[in-house]
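Chemist: Here it is, the structure in full.
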Amino acid sequence: GGIEFLLSREDIDRRRIIVYGRSLGGGIAVHLAARKLYQDKIFALILENTFTSIPEMAHTLFPLSKYLPLFFYRNKFLSIVEIKHVVSPTLFICGMADTLVPPKMTHDLYSLCGTDMKRIECFESGTHNGTWQCYGYYEAVNRFLAE
């Protein structure tokens with residue numbers, strides 16, 4: 001829906017569409033960027049404090065959920081699988097003080113990302129909802145987009 005709207009607009013540069021996802025939005029962003037239909041239409045992907053999958057997040061938050069079968073999860077957001085199909089330049093932003101989404105998940109996504117044009121920026125004091133407030137955050141984003 002959203003990307004189709006952007007692609008239909010004449011008043012923007014449709015060659016420079018940036019998909020950004022943070023936390024749950026990261027799962028949606030990966031899903032979109034991994035789709036063959038949109039791969040050549042996305043200029044860059046930015047993921048911040050996002051998870052590898054809903055089942056893995058559930059296991060982190062509720063350890064007994066590891067006994068639930070995969071079909072139990074309506075929305076799985078298996079970014080850990082889909083990230084391999086991402087070909088757009090990708091920036092991973094990781095708040096190392098995130099106590100909700102383990103920073104290791106961002107590092108795992110970075111390692112498995114299908115593009116050679118990827119970068120990870122870690123912010124030691126970055127929390128789940130506050131990484132954007134860290135010193136150097138906007139400089140890191142601008143540096144990535146300028147490459």
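Each chain in the structure tokens gets a letter, A, B, ..., in the order shown, and its residues are numbered from 1; ligands are numbered from 1 in order too.
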Using the chain letters and numbers from this document, which residues of region 15-142 of chain A does DSSP assign to alpha helix (DSSP H), as a ChimeraX atom specification?
Modeler: /A:24-34,36-39,54-61,79-82,103-112,137-142
Chemist: Atoms to include: N, CA and C atoms. Write the selected residues as a compact mmCIF listing (two decimals), in the first residue's frame.
Modeler:
```txt
# COMPACT_ATOMS: atom_id res chain seq x y z
N LEU A 24 9.00 -3.38 15.81
CA LEU A 24 8.06 -4.16 15.01
C LEU A 24 8.04 -3.68 13.56
N GLY A 25 8.20 -2.39 13.36
CA GLY A 25 8.25 -1.85 12.00
C GLY A 25 9.41 -2.39 11.20
N GLY A 26 10.46 -2.83 11.88
CA GLY A 26 11.59 -3.43 11.19
C GLY A 26 11.21 -4.73 10.49
N GLY A 27 10.35 -5.51 11.11
CA GLY A 27 9.88 -6.75 10.50
C GLY A 27 9.11 -6.47 9.22
N ILE A 28 8.30 -5.45 9.24
CA ILE A 28 7.52 -5.06 8.07
C ILE A 28 8.45 -4.52 6.98
N ALA A 29 9.43 -3.70 7.39
CA ALA A 29 10.38 -3.12 6.44
C ALA A 29 11.20 -4.21 5.75
N VAL A 30 11.66 -5.20 6.50
CA VAL A 30 12.43 -6.30 5.90
C VAL A 30 11.56 -7.06 4.92
N HIS A 31 10.33 -7.34 5.31
CA HIS A 31 9.41 -8.07 4.43
C HIS A 31 9.23 -7.32 3.11
N LEU A 32 9.06 -6.03 3.18
CA LEU A 32 8.88 -5.22 1.97
C LEU A 32 10.15 -5.22 1.12
N ALA A 33 11.30 -4.96 1.75
CA ALA A 33 12.56 -4.86 1.02
C ALA A 33 13.00 -6.19 0.41
N ALA A 34 12.56 -7.29 0.98
CA ALA A 34 12.96 -8.61 0.49
C ALA A 34 12.13 -9.05 -0.72
N LYS A 36 10.78 -9.34 -4.32
CA LYS A 36 11.34 -9.08 -5.65
C LYS A 36 10.64 -7.91 -6.34
N LEU A 37 9.37 -7.77 -6.12
CA LEU A 37 8.59 -6.70 -6.75
C LEU A 37 9.14 -5.32 -6.43
N TYR A 38 9.73 -5.15 -5.24
CA TYR A 38 10.18 -3.82 -4.81
C TYR A 38 11.69 -3.68 -4.70
N GLN A 39 12.43 -4.74 -4.90
CA GLN A 39 13.88 -4.69 -4.67
C GLN A 39 14.58 -3.59 -5.46
N ILE A 54 9.13 -12.89 15.32
CA ILE A 54 8.19 -12.84 16.45
C ILE A 54 8.36 -14.06 17.37
N PRO A 55 8.49 -15.28 16.81
CA PRO A 55 8.69 -16.42 17.72
C PRO A 55 9.95 -16.27 18.58
N GLU A 56 11.06 -15.77 18.01
CA GLU A 56 12.27 -15.61 18.81
C GLU A 56 12.09 -14.52 19.87
N MET A 57 11.35 -13.46 19.53
CA MET A 57 11.06 -12.43 20.54
C MET A 57 10.20 -13.01 21.65
N ALA A 58 9.23 -13.82 21.28
CA ALA A 58 8.37 -14.45 22.29
C ALA A 58 9.20 -15.31 23.23
N HIS A 59 10.16 -16.05 22.66
CA HIS A 59 11.02 -16.91 23.50
C HIS A 59 11.85 -16.06 24.46
N THR A 60 12.25 -14.88 24.00
CA THR A 60 13.04 -13.98 24.84
C THR A 60 12.20 -13.43 26.00
N LEU A 61 10.98 -13.02 25.69
CA LEU A 61 10.12 -12.40 26.69
C LEU A 61 9.39 -13.41 27.57
N SER A 79 12.11 -12.21 9.85
CA SER A 79 13.15 -11.37 9.26
C SER A 79 14.47 -12.13 9.13
N ILE A 80 14.72 -13.05 10.02
CA ILE A 80 15.95 -13.83 10.00
C ILE A 80 16.07 -14.63 8.70
N VAL A 81 14.94 -14.97 8.08
CA VAL A 81 14.92 -15.68 6.80
C VAL A 81 14.89 -14.68 5.65
N GLU A 82 14.03 -13.68 5.76
CA GLU A 82 13.83 -12.74 4.66
C GLU A 82 15.01 -11.80 4.43
N PRO A 103 20.19 -6.78 21.57
CA PRO A 103 21.05 -6.27 20.50
C PRO A 103 21.62 -7.38 19.61
N LYS A 104 21.78 -8.57 20.15
CA LYS A 104 22.28 -9.69 19.35
C LYS A 104 21.39 -9.94 18.13
N MET A 105 20.11 -9.68 18.24
CA MET A 105 19.21 -9.90 17.11
C MET A 105 19.55 -8.98 15.95
N THR A 106 19.87 -7.72 16.25
CA THR A 106 20.27 -6.80 15.19
C THR A 106 21.57 -7.28 14.56
N HIS A 107 22.49 -7.73 15.37
CA HIS A 107 23.77 -8.24 14.85
C HIS A 107 23.56 -9.49 13.99
N ASP A 108 22.64 -10.35 14.39
CA ASP A 108 22.34 -11.54 13.59
C ASP A 108 21.76 -11.15 12.23
N LEU A 109 20.84 -10.19 12.22
CA LEU A 109 20.27 -9.72 10.95
C LEU A 109 21.35 -9.12 10.06
N TYR A 110 22.22 -8.32 10.66
CA TYR A 110 23.32 -7.73 9.90
C TYR A 110 24.18 -8.82 9.25
N SER A 111 24.53 -9.83 10.01
CA SER A 111 25.38 -10.90 9.50
C SER A 111 24.75 -11.63 8.33
N LEU A 112 23.45 -11.80 8.36
CA LEU A 112 22.75 -12.58 7.34
C LEU A 112 22.21 -11.75 6.18
N TYR A 137 23.92 9.85 16.30
CA TYR A 137 22.87 9.09 15.61
C TYR A 137 22.60 9.66 14.22
N TYR A 138 22.28 10.94 14.16
CA TYR A 138 21.92 11.55 12.88
C TYR A 138 23.12 11.64 11.94
N GLU A 139 24.29 11.80 12.49
CA GLU A 139 25.49 11.81 11.66
C GLU A 139 25.70 10.45 11.01
N ALA A 140 25.43 9.39 11.76
CA ALA A 140 25.58 8.03 11.23
C ALA A 140 24.59 7.79 10.08
N VAL A 141 23.35 8.24 10.25
CA VAL A 141 22.35 8.09 9.20
C VAL A 141 22.77 8.89 7.97
N ASN A 142 23.17 10.13 8.17
CA ASN A 142 23.58 10.98 7.04
C ASN A 142 24.80 10.42 6.31
```
Chemist: Which of chain A counts as strand (DSSP E or B) under DSSP, as a short mmCIF file (atom, residue, chain, number, x, y, z; two decimals) with N, CA, C and O atoms, in the first residue's frame please?
Modeler:
```
data_model
loop_
_atom_site.label_atom_id
_atom_site.label_comp_id
_atom_site.auth_asym_id
_atom_site.auth_seq_id
_atom_site.Cartn_x
_atom_site.Cartn_y
_atom_site.Cartn_z
N ILE A 18 13.44 5.59 0.72
CA ILE A 18 14.12 4.96 1.85
C ILE A 18 13.05 4.31 2.73
O ILE A 18 12.09 4.95 3.14
N VAL A 19 13.24 3.04 3.00
CA VAL A 19 12.34 2.30 3.89
C VAL A 19 13.00 2.23 5.26
O VAL A 19 14.14 1.80 5.38
N TYR A 20 12.26 2.70 6.27
CA TYR A 20 12.77 2.73 7.65
C TYR A 20 11.83 1.92 8.53
O TYR A 20 10.61 2.05 8.45
N GLY A 21 12.42 1.07 9.36
CA GLY A 21 11.62 0.30 10.31
C GLY A 21 12.33 0.20 11.64
O GLY A 21 13.52 -0.08 11.70
N ARG A 22 11.58 0.44 12.70
CA ARG A 22 12.11 0.34 14.05
C ARG A 22 11.25 -0.63 14.84
O ARG A 22 10.03 -0.59 14.76
N ALA A 44 17.30 2.61 -0.18
CA ALA A 44 18.01 2.17 1.02
C ALA A 44 17.01 1.66 2.05
O ALA A 44 15.84 2.02 2.04
N LEU A 45 17.52 0.82 2.94
CA LEU A 45 16.74 0.27 4.05
C LEU A 45 17.46 0.63 5.34
O LEU A 45 18.68 0.47 5.44
N ILE A 46 16.72 1.15 6.31
CA ILE A 46 17.28 1.46 7.62
C ILE A 46 16.47 0.70 8.66
O ILE A 46 15.24 0.84 8.72
N LEU A 47 17.16 -0.10 9.46
CA LEU A 47 16.52 -0.90 10.50
C LEU A 47 17.10 -0.52 11.85
O LEU A 47 18.32 -0.50 12.03
N GLU A 48 16.22 -0.25 12.80
CA GLU A 48 16.66 0.17 14.13
C GLU A 48 16.04 -0.70 15.21
O GLU A 48 14.82 -0.83 15.28
N THR A 90 21.79 -1.27 3.22
CA THR A 90 21.07 -1.40 4.50
C THR A 90 21.91 -0.89 5.66
O THR A 90 23.07 -1.28 5.80
N LEU A 91 21.29 -0.05 6.47
CA LEU A 91 21.90 0.44 7.71
C LEU A 91 21.18 -0.20 8.88
O LEU A 91 19.95 -0.12 8.98
N PHE A 92 21.94 -0.83 9.76
CA PHE A 92 21.40 -1.40 10.99
C PHE A 92 21.81 -0.48 12.13
O PHE A 92 23.01 -0.22 12.32
N ILE A 93 20.85 0.01 12.89
CA ILE A 93 21.12 0.85 14.05
C ILE A 93 20.78 0.04 15.28
O ILE A 93 19.67 -0.49 15.41
N CYS A 94 21.76 -0.06 16.17
CA CYS A 94 21.60 -0.95 17.32
C CYS A 94 21.85 -0.20 18.63
O CYS A 94 22.96 0.29 18.86
N GLY A 95 20.83 -0.11 19.46
CA GLY A 95 20.98 0.44 20.80
C GLY A 95 21.46 -0.68 21.72
O GLY A 95 20.71 -1.63 21.99
N LYS A 118 26.18 -2.93 3.34
CA LYS A 118 25.53 -2.88 4.64
C LYS A 118 26.49 -2.29 5.66
O LYS A 118 27.71 -2.39 5.52
N ARG A 119 25.89 -1.68 6.66
CA ARG A 119 26.68 -1.06 7.73
C ARG A 119 25.89 -1.24 9.03
O ARG A 119 24.66 -1.22 9.01
N ILE A 120 26.61 -1.38 10.13
CA ILE A 120 25.95 -1.41 11.43
C ILE A 120 26.55 -0.31 12.29
O ILE A 120 27.77 -0.11 12.29
N GLU A 121 25.68 0.42 12.95
CA GLU A 121 26.09 1.49 13.87
C GLU A 121 25.54 1.13 15.24
O GLU A 121 24.33 0.96 15.40
N CYS A 122 26.42 1.01 16.22
CA CYS A 122 26.01 0.65 17.57
C CYS A 122 26.17 1.86 18.49
O CYS A 122 27.17 2.58 18.41
N PHE A 123 25.19 2.05 19.35
CA PHE A 123 25.20 3.15 20.31
C PHE A 123 25.09 2.56 21.71
O PHE A 123 24.06 1.98 22.07
#
```
Chemist: So how far away is CA of Gly126 (chain A) from CA of Met96 (chain A), in Å?
Modeler: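 For CA of Met96 (chain A) relative to CA of Gly126 (chain A), the distance reads 5.6 Å.
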Chemist: Can you tell me, as a ChimeraX atom specification, what residues are no more than 8 Å from Lys41 (chain A) when counting only C-alpha atoms, ignoring any on the same chain fewer than 4 positions away?
Modeler: /A:14-15,17
Chemist: Next, dump the selected residues to file, keeping only N, CA, C and O atoms, as a JSON list (two decimals), in the first residue's frame.
Modeler:
```json
[["chain", "number", "residue", "atom", "x", "y", "z"],
["A", 14, "ARG", "N", 11.26, 9.21, -7.07],
["A", 14, "ARG", "CA", 10.92, 7.82, -6.79],
["A", 14, "ARG", "C", 12.14, 6.89, -6.84],
["A", 14, "ARG", "O", 12.04, 5.73, -6.49],
["A", 15, "ARG", "N", 13.28, 7.42, -7.24],
["A", 15, "ARG", "CA", 14.51, 6.63, -7.25],
["A", 15, "ARG", "C", 15.22, 6.69, -5.91],
["A", 15, "ARG", "O", 16.25, 6.05, -5.72],
["A", 17, "ILE", "N", 13.66, 6.30, -2.64],
["A", 17, "ILE", "CA", 12.75, 5.89, -1.57],
["A", 17, "ILE", "C", 13.54, 5.13, -0.51],
["A", 17, "ILE", "O", 14.24, 4.15, -0.81]]
```
Chemist: At what distance in Å, to one decimal, does CA of Ser53 (chain A) lie from CA of Val101 (chain A)?
Modeler: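 So the answer is 10.6 Å.
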